[in-house]
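Everything below belongs to start.tsv, which stores TSV, C-alpha atoms.
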chain	number	residue	atom	x	y	z
A	1	ASN	CA	-37.23	0.95	3.22
A	2	SER	CA	-36.14	4.34	1.86
A	3	PHE	CA	-33.11	4.24	-0.37
A	4	CYS	CA	-31.93	7.59	0.97
A	5	THR	CA	-30.23	5.67	3.79
A	6	LEU	CA	-28.52	3.07	1.60
A	7	LEU	CA	-24.79	2.68	1.95
A	8	ASP	CA	-22.55	2.71	-1.08
A	9	VAL	CA	-21.21	-0.82	-1.38
A	10	VAL	CA	-17.56	-1.56	-2.04
A	11	MET	CA	-16.54	-4.88	-3.53
A	12	GLY	CA	-14.34	-6.79	-1.16
A	13	ASP	CA	-10.81	-7.09	-2.47
A	14	LEU	CA	-10.08	-10.77	-3.09
A	15	ASP	CA	-6.64	-9.75	-4.36
A	16	ILE	CA	-6.97	-11.78	-7.55
A	17	ALA	CA	-5.88	-9.18	-10.10
A	18	TRP	CA	-4.34	-5.73	-10.30
A	19	ARG	CA	-2.93	-3.27	-12.82
A	20	MET	CA	0.82	-3.31	-13.29
A	21	PRO	CA	3.07	-0.21	-13.41
A	22	GLU	CA	3.84	1.25	-16.82
A	23	GLY	CA	7.23	0.62	-18.40
A	24	GLU	CA	9.80	-2.12	-17.98
A	25	ILE	CA	9.76	-4.32	-14.88
A	26	ALA	CA	12.87	-5.34	-13.00
A	27	ASP	CA	11.67	-8.77	-11.86
A	28	GLN	CA	8.87	-10.53	-13.70
A	29	ARG	CA	8.41	-12.94	-10.77
A	30	ALA	CA	7.54	-10.10	-8.35
A	31	GLU	CA	3.96	-8.94	-7.84
A	32	ASN	CA	4.62	-5.68	-9.70
A	33	ARG	CA	1.76	-3.61	-8.29
A	34	CYS	CA	1.11	0.08	-8.73
A	35	THR	CA	1.38	2.38	-5.72
A	36	PRO	CA	-1.30	2.63	-4.47
A	37	ASN	CA	-2.60	-0.73	-5.62
A	38	GLN	CA	-5.10	-0.65	-8.51
A	39	ALA	CA	-7.31	-3.68	-7.97
A	40	VAL	CA	-9.09	-5.31	-10.91
A	41	SER	CA	-12.33	-7.16	-10.20
A	42	ILE	CA	-13.66	-10.45	-11.50
A	43	GLU	CA	-16.28	-8.39	-13.35
A	44	ASP	CA	-13.54	-6.31	-15.00
A	45	LEU	CA	-11.86	-9.51	-16.16
A	46	ARG	CA	-15.15	-10.83	-17.53
A	47	ASP	CA	-15.48	-7.63	-19.60
A	48	LEU	CA	-12.17	-8.60	-21.23
A	49	GLY	CA	-13.50	-12.10	-21.97
A	50	VAL	CA	-11.45	-13.67	-19.16
A	51	LEU	CA	-13.39	-16.21	-17.08
A	52	HIS	CA	-12.26	-17.20	-13.59
A	53	TRP	CA	-13.43	-19.89	-11.20
A	54	ARG	CA	-12.08	-20.36	-7.68
A	55	LEU	CA	-12.55	-24.02	-6.78
A	56	ASP	CA	-11.76	-26.00	-3.65
A	57	PRO	CA	-8.44	-27.71	-4.44
A	58	ALA	CA	-9.22	-30.47	-1.90
A	59	THR	CA	-12.42	-31.57	-3.67
A	60	MET	CA	-12.40	-30.16	-7.21
A	61	LEU	CA	-11.21	-33.44	-8.76
A	62	THR	CA	-13.22	-35.75	-6.48
A	63	PRO	CA	-16.13	-37.51	-8.24
A	64	GLY	CA	-19.58	-36.82	-6.84
A	65	ASP	CA	-22.58	-39.12	-6.63
A	66	ASP	CA	-22.96	-38.92	-10.41
A	67	GLY	CA	-19.35	-39.97	-10.94
A	68	LYS	CA	-18.23	-36.52	-12.09
A	69	SER	CA	-16.06	-33.99	-10.31
A	70	ARG	CA	-16.61	-30.25	-10.28
A	71	VAL	CA	-13.91	-29.91	-12.95
A	72	ASP	CA	-15.57	-32.63	-15.06
A	73	LYS	CA	-18.85	-30.70	-14.96
A	74	ILE	CA	-17.17	-27.46	-16.03
A	75	CYS	CA	-15.48	-29.30	-18.89
A	76	ASP	CA	-18.83	-30.73	-20.01
A	77	GLU	CA	-20.48	-27.32	-19.82
A	78	MET	CA	-17.69	-25.54	-21.70
A	79	GLY	CA	-16.98	-28.28	-24.24
A	80	TYR	CA	-13.45	-29.16	-23.10
A	81	LYS	CA	-12.70	-32.65	-24.40
A	82	ASN	CA	-9.03	-33.18	-23.57
A	83	ARG	CA	-6.68	-32.47	-20.72
A	84	ASP	CA	-3.12	-33.03	-19.59
A	85	GLN	CA	-0.84	-31.89	-16.78
A	86	VAL	CA	2.37	-29.89	-16.78
A	87	THR	CA	4.76	-28.93	-14.01
A	88	CYS	CA	6.82	-25.77	-14.42
A	89	SER	CA	9.90	-25.79	-12.22
A	90	PRO	CA	13.65	-25.83	-12.83
A	91	ASP	CA	13.91	-29.56	-12.12
A	92	LYS	CA	10.78	-30.64	-14.03
A	93	LEU	CA	10.74	-28.53	-17.19
A	94	PRO	CA	13.66	-28.98	-19.62
A	95	GLU	CA	15.34	-25.70	-20.61
A	96	TYR	CA	13.38	-23.99	-17.86
A	97	ASP	CA	14.79	-20.46	-18.26
A	98	LYS	CA	14.35	-20.56	-22.03
A	99	LYS	CA	10.78	-21.79	-21.72
A	100	LEU	CA	9.94	-19.18	-19.10
A	101	ALA	CA	11.27	-16.43	-21.37
A	102	MET	CA	9.10	-17.79	-24.20
A	103	PHE	CA	5.99	-17.89	-21.97
A	104	PHE	CA	6.62	-14.25	-20.98
A	105	GLN	CA	6.79	-13.04	-24.56
A	106	GLU	CA	3.55	-11.20	-25.32
A	107	HIS	CA	1.39	-13.32	-27.62
A	108	ILE	CA	-2.06	-14.57	-28.56
A	109	HIS	CA	-3.48	-17.99	-29.36
A	110	GLU	CA	-6.06	-18.84	-31.97
A	111	ASP	CA	-7.86	-21.01	-29.39
A	112	ASP	CA	-8.89	-20.36	-25.80
A	113	GLU	CA	-6.19	-21.04	-23.23
A	114	ILE	CA	-7.60	-22.89	-20.22
A	115	ARG	CA	-5.57	-23.64	-17.12
A	116	LEU	CA	-6.42	-25.13	-13.71
A	117	ILE	CA	-3.75	-24.63	-11.07
A	118	LEU	CA	-3.11	-27.80	-9.07
A	119	GLY	CA	-0.23	-26.48	-6.97
A	120	GLY	CA	2.13	-23.56	-6.62
A	121	VAL	CA	1.63	-20.03	-7.89
A	122	GLY	CA	1.75	-18.39	-11.30
A	123	TYR	CA	0.81	-15.10	-12.96
A	124	PHE	CA	-1.12	-14.53	-16.16
A	125	ASP	CA	-0.83	-10.98	-17.49
A	126	VAL	CA	-3.47	-9.72	-19.94
A	127	ARG	CA	-3.89	-6.44	-21.81
A	128	ASP	CA	-6.92	-4.30	-21.00
A	129	ARG	CA	-8.76	-1.79	-23.21
A	130	GLU	CA	-6.10	0.86	-22.60
A	131	ASP	CA	-3.38	-1.66	-23.54
A	132	ARG	CA	-2.21	-1.74	-19.94
A	133	TRP	CA	-1.10	-4.94	-18.26
A	134	VAL	CA	-3.38	-6.58	-15.71
A	135	ARG	CA	-1.72	-9.24	-13.56
A	136	ILE	CA	-3.84	-12.20	-12.43
A	137	ARG	CA	-2.50	-14.26	-9.54
A	138	MET	CA	-3.24	-17.96	-9.89
A	139	VAL	CA	-3.11	-20.37	-6.95
A	140	ALA	CA	-4.27	-23.94	-6.36
A	141	GLY	CA	-7.95	-24.24	-7.27
A	142	ASP	CA	-7.99	-21.33	-9.71
A	143	LEU	CA	-9.35	-22.10	-13.17
A	144	ILE	CA	-8.94	-19.48	-15.87
A	145	VAL	CA	-10.07	-19.15	-19.48
A	146	LEU	CA	-8.20	-16.69	-21.67
A	147	PRO	CA	-10.19	-16.06	-24.86
A	148	ALA	CA	-8.62	-16.61	-28.26
A	149	GLY	CA	-7.02	-13.40	-29.50
A	150	ILE	CA	-6.27	-11.73	-26.16
A	151	TYR	CA	-2.72	-10.42	-25.69
A	152	HIS	CA	-1.22	-12.15	-22.68
A	153	ARG	CA	1.86	-13.75	-21.12
A	154	PHE	CA	2.69	-16.07	-18.23
A	155	THR	CA	5.34	-16.18	-15.56
A	156	MET	CA	6.09	-17.90	-12.25
A	157	ASP	CA	6.41	-16.24	-8.87
A	158	SER	CA	9.56	-16.39	-6.76
A	159	SER	CA	8.86	-20.00	-5.72
A	160	ASP	CA	9.53	-21.17	-9.31
A	161	TYR	CA	6.86	-23.85	-9.07
A	162	THR	CA	3.49	-24.24	-10.75
A	163	GLN	CA	1.63	-27.46	-11.48
A	164	ALA	CA	-1.29	-27.02	-13.84
A	165	MET	CA	-3.91	-28.98	-15.71
A	166	ARG	CA	-4.28	-27.83	-19.31
A	167	LEU	CA	-7.75	-28.17	-20.79
A	168	PHE	CA	-8.51	-28.19	-24.50
A	169	LYS	CA	-11.56	-28.16	-26.73
A	170	GLU	CA	-9.80	-30.33	-29.28
A	171	VAL	CA	-6.35	-31.95	-29.66
A	172	PRO	CA	-3.91	-30.56	-27.07
A	173	VAL	CA	-1.78	-27.87	-28.69
A	174	TRP	CA	-0.02	-24.69	-27.56
A	175	THR	CA	0.90	-22.40	-30.45
A	176	PRO	CA	1.81	-18.79	-29.58
A	177	ILE	CA	1.59	-15.97	-32.12
A	178	ASN	CA	3.80	-13.17	-30.84
A	179	ARG	CA	2.86	-9.52	-30.95
A	180	PRO	CA	2.60	-7.63	-33.26
A	181	CYS	CA	-0.24	-9.58	-34.83
A	182	ASP	CA	-3.05	-7.03	-35.00
A	183	GLU	CA	-3.96	-8.19	-38.51
A	184	ASN	CA	-4.50	-11.76	-37.37
A	185	ASP	CA	-8.16	-12.68	-37.97
A	186	VAL	CA	-8.61	-14.13	-34.47
A	187	ARG	CA	-7.13	-10.99	-32.91
A	188	LYS	CA	-9.47	-8.82	-34.99
A	189	GLN	CA	-12.43	-10.92	-33.89
A	190	TYR	CA	-11.41	-10.52	-30.24
A	191	VAL	CA	-11.10	-6.71	-30.56
A	192	GLU	CA	-14.48	-6.51	-32.29
A	193	LYS	CA	-16.20	-8.68	-29.68
A	194	TYR	CA	-14.81	-7.13	-26.50
A	195	PHE	CA	-13.60	-3.62	-27.40
A	196	THR	CA	-15.25	-2.25	-30.53
A	197	ASN	CA	-18.73	-3.75	-30.47
A	198	PRO	CA	-19.35	-5.66	-27.22
A	199	ALA	CA	-22.61	-7.57	-26.99
A	200	LYS	CA	-25.48	-5.91	-25.17
A	201	ALA	CA	-26.38	-7.30	-21.79
A	202	HIS	CA	-29.50	-9.43	-21.50
A	203	THR	CA	-31.76	-10.15	-18.57
A	204	ILE	CA	-33.87	-13.28	-18.39
A	205	VAL	CA	-36.88	-11.25	-19.58
A	206	GLY	CA	-35.19	-9.40	-22.43
A	207	GLU	CA	-32.37	-7.12	-23.49
A	208	HIS	CA	-31.10	-4.53	-21.03
A	209	ASP	CA	-32.73	-1.26	-22.11
A	210	GLY	CA	-32.06	0.95	-19.10
A	211	ALA	CA	-35.77	1.54	-18.60
A	212	MET	CA	-37.90	-1.58	-18.08
A	213	ASN	CA	-35.21	-4.27	-18.10
A	214	LEU	CA	-31.97	-3.58	-16.27
A	215	TYR	CA	-28.93	-5.80	-15.84
A	216	VAL	CA	-26.57	-4.98	-12.96
A	217	ALA	CA	-23.26	-6.75	-13.52
A	218	ARG	CA	-21.40	-5.43	-10.47
A	219	ALA	CA	-22.33	-5.18	-6.81
A	220	ASP	CA	-20.81	-1.71	-6.57
A	221	GLN	CA	-23.27	-0.44	-9.22
A	222	PHE	CA	-26.36	-1.53	-7.31
A	223	ASP	CA	-26.98	1.53	-5.16
A	224	GLY	CA	-26.52	3.94	-8.06
A	225	VAL	CA	-29.02	2.03	-10.17
A	226	MET	CA	-31.53	1.88	-7.33
A	227	ARG	CA	-31.25	5.55	-6.43
A	228	ASN	CA	-31.94	6.49	-10.04
A	229	LEU	CA	-34.95	4.18	-10.21
A	230	VAL	CA	-36.47	5.37	-6.95
A	231	SER	CA	-35.88	9.08	-7.55
A	232	ALA	CA	-36.53	9.32	-11.29
A	233	LYS	CA	-38.19	6.22	-12.75
A	234	LEU	CA	-40.74	4.82	-10.32
A	235	ARG	CA	-43.96	6.87	-10.21
A	236	PRO	CA	-45.51	7.01	-6.72
A	237	ALA	CA	-48.92	8.05	-8.05
A	238	HIS	CA	-49.08	4.88	-10.16
A	239	ARG	CA	-47.54	2.62	-7.49
A	240	ASP	CA	-45.08	1.35	-10.11
A	241	VAL	CA	-43.60	-2.07	-9.37
A	242	LEU	CA	-39.94	-2.97	-8.95
A	243	VAL	CA	-38.80	-6.60	-9.24
A	244	LEU	CA	-35.24	-7.30	-8.04
A	245	TYR	CA	-33.81	-10.69	-8.95
A	246	PHE	CA	-30.46	-11.79	-7.51
A	247	SER	CA	-29.10	-14.71	-9.52
A	248	GLY	CA	-25.81	-16.36	-10.43
A	249	VAL	CA	-23.98	-15.06	-13.49
A	250	HIS	CA	-24.75	-16.99	-16.67
A	251	ASN	CA	-22.04	-18.99	-18.40
A	252	PRO	CA	-21.37	-17.39	-21.81
A	253	VAL	CA	-21.22	-20.82	-23.48
A	254	SER	CA	-24.12	-22.70	-21.89
A	255	LYS	CA	-26.15	-19.52	-21.20
A	256	LYS	CA	-27.03	-21.02	-17.81
A	257	SER	CA	-26.27	-19.77	-14.33
A	258	TRP	CA	-23.50	-21.36	-12.28
A	259	CYS	CA	-26.13	-21.73	-9.53
A	260	PRO	CA	-28.33	-24.84	-10.09
A	261	ASP	CA	-31.25	-23.38	-8.12
A	262	CYS	CA	-31.06	-20.25	-10.28
A	263	VAL	CA	-31.27	-22.37	-13.43
A	264	ASP	CA	-34.60	-23.70	-12.14
A	265	ALA	CA	-35.78	-20.29	-10.96
A	266	ASP	CA	-34.97	-18.28	-14.11
A	267	PRO	CA	-37.95	-19.40	-16.23
A	268	VAL	CA	-40.33	-19.12	-13.25
A	269	VAL	CA	-39.27	-15.52	-12.59
A	270	ALA	CA	-39.37	-14.58	-16.28
A	271	THR	CA	-42.88	-15.97	-16.70
A	272	ALA	CA	-44.08	-14.17	-13.58
A	273	VAL	CA	-42.70	-10.81	-14.75
A	274	HIS	CA	-44.39	-11.15	-18.15
A	275	LYS	CA	-47.64	-12.08	-16.40
A	276	ALA	CA	-47.41	-9.11	-14.05
A	277	ARG	CA	-46.84	-6.75	-16.96
A	278	ALA	CA	-49.84	-8.15	-18.79
A	279	LEU	CA	-52.04	-7.64	-15.72
A	280	ASN	CA	-50.70	-4.17	-14.90
A	281	LYS	CA	-50.73	-2.26	-18.15
A	282	ASP	CA	-51.43	1.07	-16.42
A	283	ARG	CA	-48.21	1.03	-14.44
A	284	LYS	CA	-44.60	0.06	-14.90
A	285	VAL	CA	-43.25	-3.30	-13.82
A	286	ILE	CA	-39.50	-2.68	-13.86
A	287	PHE	CA	-37.26	-5.74	-13.73
A	288	VAL	CA	-33.69	-5.59	-12.40
A	289	GLU	CA	-31.45	-8.64	-12.63
A	290	VAL	CA	-28.44	-8.45	-10.32
A	291	ALA	CA	-25.69	-10.84	-11.43
A	292	ILE	CA	-23.77	-12.61	-8.68
A	293	GLU	CA	-20.26	-13.86	-9.49
A	294	ARG	CA	-19.41	-17.28	-8.06
A	295	THR	CA	-15.84	-16.45	-7.10
A	296	THR	CA	-16.73	-13.35	-5.07
A	297	TYR	CA	-19.93	-14.76	-3.49
A	298	LEU	CA	-19.41	-18.36	-2.38
A	299	ASN	CA	-18.02	-18.75	1.13
A	300	ASN	CA	-17.55	-14.98	1.39
A	301	PRO	CA	-19.51	-13.48	4.32
A	302	GLU	CA	-18.04	-10.09	3.40
A	303	HIS	CA	-19.74	-9.94	0.00
A	304	PRO	CA	-21.24	-6.42	-0.14
A	305	LEU	CA	-24.75	-7.58	-0.97
A	306	ARG	CA	-24.73	-10.00	1.96
A	307	LYS	CA	-24.01	-7.04	4.24
A	308	HIS	CA	-26.14	-4.51	2.36
A	309	PRO	CA	-28.68	-2.95	4.78
A	310	PHE	CA	-31.57	-3.33	2.34
A	311	VAL	CA	-30.67	-6.47	0.39
A	312	GLN	CA	-29.13	-8.65	3.13
A	313	LEU	CA	-28.57	-11.38	0.57
A	314	ALA	CA	-28.58	-14.72	2.38
A	315	SER	CA	-28.79	-16.99	-0.65
A	316	ILE	CA	-29.49	-17.04	-4.35
A	317	PRO	CA	-31.81	-16.98	-6.05
A	318	THR	CA	-33.57	-14.23	-4.12
A	319	LEU	CA	-36.52	-12.19	-5.40
A	320	ILE	CA	-37.53	-8.87	-3.83
A	321	VAL	CA	-40.70	-7.21	-5.08
A	322	ALA	CA	-41.50	-3.62	-4.13
A	323	ALA	CA	-43.88	-0.85	-5.13
A	324	ALA	CA	-43.31	2.89	-5.31
A	325	ARG	CA	-44.47	4.39	-2.05
A	326	ALA	CA	-47.76	6.26	-2.28
A	327	PRO	CA	-47.10	10.02	-2.36
A	328	SER	CA	-47.60	12.21	0.70
A	329	GLU	CA	-46.56	15.67	1.76
A	330	THR	CA	-43.95	14.40	4.20
A	331	ASP	CA	-42.52	11.25	2.65
A	332	GLU	CA	-39.47	11.41	0.43
A	333	PRO	CA	-39.44	9.08	-2.59
A	334	GLY	CA	-39.20	5.47	-1.51
A	335	ILE	CA	-40.48	1.96	-1.94
A	336	ASP	CA	-42.58	-0.46	0.05
A	337	VAL	CA	-41.50	-4.10	-0.03
A	338	VAL	CA	-44.37	-6.30	-1.17
A	339	ASP	CA	-42.68	-9.70	-1.00
A	340	ARG	CA	-39.33	-11.36	-0.60
A	341	MET	CA	-38.75	-14.97	-1.54
A	342	GLU	CA	-35.92	-17.46	-2.00
A	343	THR	CA	-38.19	-20.18	-3.36
A	344	VAL	CA	-39.58	-18.20	-6.26
A	345	SER	CA	-43.14	-18.27	-7.61
A	346	ASP	CA	-45.67	-15.82	-9.04
A	347	SER	CA	-47.58	-15.45	-5.76
A	348	TRP	CA	-46.23	-11.91	-5.35
A	349	ILE	CA	-48.46	-10.67	-8.17
A	350	GLU	CA	-51.59	-11.02	-6.03
A	351	LYS	CA	-49.94	-9.00	-3.24
A	352	LEU	CA	-49.29	-5.89	-5.32
A	353	PRO	CA	-51.05	-2.78	-4.01
A	354	LYS	CA	-53.71	-1.22	-6.17
A	355	ALA	CA	-52.46	1.36	-8.62
Is it possible to give me this structure as structure tokens?
Amino acid sequence: NSFCTLLDVVMGDLDIAWRMPEGEIADQRAENRCTPNQAVSIEDLRDLGVLHWRLDPATMLTPGDDGKSRVDKICDEMGYKNRDQVTCSPDKLPEYDKKLAMFFQEHIHEDDEIRLILGGVGYFDVRDREDRWVRIRMVAGDLIVLPAGIYHRFTMDSSDYTQAMRLFKEVPVWTPINRPCDENDVRKQYVEKYFTNPAKAHTIVGEHDGAMNLYVARADQFDGVMRNLVSAKLRPAHRDVLVLYFSGVHNPVSKKSWCPDCVDADPVVATAVHKARALNKDRKVIFVEVAIERTTYLNNPEHPLRKHPFVQLASIPTLIVAAARAPSETDEPGIDVVDRMETVSDSWIEKLPKA
């Protein structure tokens, strides 16, 4: 179980978003990628405040046993009270070319813009921290939330057809405020929240502090974090403890994971970690929460943590508990796995080796 043999993981490219070339574009309906392509991950989008769900278009509007569809449940969780549908195509949208030009004018809204694609293809472009355009390809089943105040625009692809459901927190309204509008209060709030003073990450046991509580937001950061812990943080002589918790990303509104089993597991894991720390005051109990994005994980056998030689993530939640390997003259720094569980409890505490 030495981390010296870990492979660097690379997030599988789901081809959802990419950076666009600088300067004017000849055809707004084309993909407009850089050469080589500069992929943008779901996690990168989340850092900009953009939320993305990839739903099954065949079932996303079908009521379940409780009478609510997957979309209904997201609306309840996010507080979306109203919805309507719109079809963008030359034969369905009056003054189509004029409307498309208006949609492509860079602008903000003072409310979140929420769209679920029912059919066809469309592109949302958003500005990143460097004021570069990021293009997000939207197909049937894609649900996107653009936060109030983000600079963005919309266009069709070459098929000239997109059918979408528009979701709203209050009365349906679409009011663009074209750039420049940097002095707009909502724009200022967006810049403060996501660029100037972004909120600190939190684990289920406390704020990320880089020492005892660590939050790993991206799969491709996992190995780097672990190598640092094993080589520089965990003390073999003390048999310091490492608790790895793989759980679904928390919704920023509800503060709950997208994974129902993780919602149940979160308080159990948090209580167990606090208990372990109370019982092991002479050694570290380091907690690492690894956030799993729904879009990149579900139905994706190529997810890097599923294929990771140490993690081999089969399901979430998963808890892996390890202890720093006892020092010897021949062993390099490493860890010994104490327990691994998918149905979480605090039983691992009794299995910890003596310090």
Open item on the list: When you look at His202 in chain A with a cut-off of 10 Å (counting all atoms listed in the file), what residues show up, excluding the ones that are within fewer than 6 positions of it in the same chain? I need them as a list in words.
Closed with: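 Answer for this query is His208, Asp209, Asn213, Leu214, Tyr215 and Glu289 of chain A.
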- [ ] Please provide as a ChimeraX atom specification all residues within 12 Å of Arg294 in chain A, with the sequence filter that same-chain residues fewer than 6 positions apart are discarded (counting only C-alpha atoms).
- [x] /A:42-43,51-55,247-251,257-260,300,303,315-316
Include C-alpha atoms and write out the residues we just selected as an mmCIF file, in the coordinates of the input.
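Output file selection_22.cif is given in full below:
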data_model
loop_
_atom_site.group_PDB
_atom_site.id
_atom_site.type_symbol
_atom_site.label_atom_id
_atom_site.label_comp_id
_atom_site.auth_asym_id
_atom_site.auth_seq_id
_atom_site.Cartn_x
_atom_site.Cartn_y
_atom_site.Cartn_z
ATOM 1 C CA ILE A 42 -13.660 -10.450 -11.500
ATOM 2 C CA GLU A 43 -16.280 -8.390 -13.350
ATOM 3 C CA LEU A 51 -13.390 -16.210 -17.080
ATOM 4 C CA HIS A 52 -12.260 -17.200 -13.590
ATOM 5 C CA TRP A 53 -13.430 -19.890 -11.200
ATOM 6 C CA ARG A 54 -12.080 -20.360 -7.680
ATOM 7 C CA LEU A 55 -12.550 -24.020 -6.780
ATOM 8 C CA SER A 247 -29.100 -14.710 -9.520
ATOM 9 C CA GLY A 248 -25.810 -16.360 -10.430
ATOM 10 C CA VAL A 249 -23.980 -15.060 -13.490
ATOM 11 C CA HIS A 250 -24.750 -16.990 -16.670
ATOM 12 C CA ASN A 251 -22.040 -18.990 -18.400
ATOM 13 C CA SER A 257 -26.270 -19.770 -14.330
ATOM 14 C CA TRP A 258 -23.500 -21.360 -12.280
ATOM 15 C CA CYS A 259 -26.130 -21.730 -9.530
ATOM 16 C CA PRO A 260 -28.330 -24.840 -10.090
ATOM 17 C CA ASN A 300 -17.550 -14.980 1.390
ATOM 18 C CA HIS A 303 -19.740 -9.940 0.000
ATOM 19 C CA SER A 315 -28.790 -16.990 -0.650
ATOM 20 C CA ILE A 316 -29.490 -17.040 -4.350
#
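Compared by their closest atoms to Leu279 in chain A, and using all atoms listed in the file, the residues A:Arg235, A:Ala355, A:Gly49, A:Gln221 rank with A:Ala355 nearest.
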Task: Close residues, Leu116 in chain A itself excluded, 8 Å, only C-alpha atoms, min 5 positions apart in chain, as a PyMOL selection string - done: chain A and resi 140-144+164-167
Task: Length of the CA of Phe310 in chain A to CA of Pro333 in chain A vector [Å] - done: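 Spanning CA of Phe310 in chain A to CA of Pro333 in chain A is a straight-line distance of 15.5 Å.
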Open item on the list: With only C-alpha atoms as the counted atoms, please give the residues lying no more than 10 Å from range 263-274 of chain A, apart from itself and same-chain residues fewer than 3 positions off, as a PyMOL selection string.
Closed with: chain A and resi 203-206+243+245+247-248+250+255-260+277-280+285-287+316-319+342-349
Incomplete range 175-181 of chain A filled out to all heavy atoms as a CSV table (one decimal), in the frame of the given file:
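Written file, part04.csv:
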chain,number,residue,atom,x,y,z
A,175,THR,N,0.2,-23.1,-29.4
A,175,THR,CA,0.9,-22.4,-30.4
A,175,THR,C,0.8,-20.9,-30.2
A,175,THR,O,-0.3,-20.3,-30.5
A,175,THR,CB,0.3,-22.8,-31.8
A,175,THR,OG1,0.3,-24.2,-32.0
A,175,THR,CG2,1.1,-22.1,-32.9
A,176,PRO,N,1.9,-20.2,-29.8
A,176,PRO,CA,1.8,-18.8,-29.6
A,176,PRO,C,2.0,-18.0,-30.9
A,176,PRO,O,2.8,-18.5,-31.8
A,176,PRO,CB,3.0,-18.5,-28.6
A,176,PRO,CG,4.0,-19.6,-28.9
A,176,PRO,CD,3.2,-20.8,-29.4
A,177,ILE,N,1.4,-16.9,-31.0
A,177,ILE,CA,1.6,-16.0,-32.1
A,177,ILE,C,2.0,-14.7,-31.5
A,177,ILE,O,1.2,-14.0,-30.9
A,177,ILE,CB,0.3,-15.8,-33.0
A,177,ILE,CG1,-0.1,-17.1,-33.5
A,177,ILE,CG2,0.6,-14.8,-34.1
A,177,ILE,CD1,-1.5,-17.1,-34.2
A,178,ASN,N,3.3,-14.3,-31.6
A,178,ASN,CA,3.8,-13.2,-30.8
A,178,ASN,C,3.3,-11.8,-31.4
A,178,ASN,O,3.1,-11.7,-32.6
A,178,ASN,CB,5.3,-13.2,-30.8
A,178,ASN,CG,5.9,-14.3,-29.9
A,178,ASN,OD1,5.1,-14.9,-29.1
A,178,ASN,ND2,7.1,-14.7,-30.1
A,179,ARG,N,3.2,-10.9,-30.5
A,179,ARG,CA,2.9,-9.5,-31.0
A,179,ARG,C,4.1,-8.9,-31.7
A,179,ARG,O,5.2,-9.1,-31.2
A,179,ARG,CB,2.5,-8.7,-29.7
A,179,ARG,CG,1.9,-7.3,-30.0
A,179,ARG,CD,1.3,-6.7,-28.8
A,179,ARG,NE,0.6,-5.5,-29.1
A,179,ARG,CZ,0.0,-4.7,-28.2
A,179,ARG,NH1,0.0,-5.0,-27.0
A,179,ARG,NH2,-0.6,-3.6,-28.6
A,180,PRO,N,3.9,-8.2,-32.7
A,180,PRO,CA,2.6,-7.6,-33.3
A,180,PRO,C,1.9,-8.6,-34.2
A,180,PRO,O,2.5,-9.3,-35.0
A,180,PRO,CB,3.0,-6.4,-34.1
A,180,PRO,CG,4.4,-6.7,-34.5
A,180,PRO,CD,5.0,-7.6,-33.4
A,181,CYS,N,0.6,-8.7,-34.0
A,181,CYS,CA,-0.2,-9.6,-34.8
A,181,CYS,C,-1.7,-9.0,-34.9
A,181,CYS,O,-2.6,-9.8,-34.9
A,181,CYS,CB,-0.2,-11.0,-34.3
A,181,CYS,SG,-0.7,-11.2,-32.6
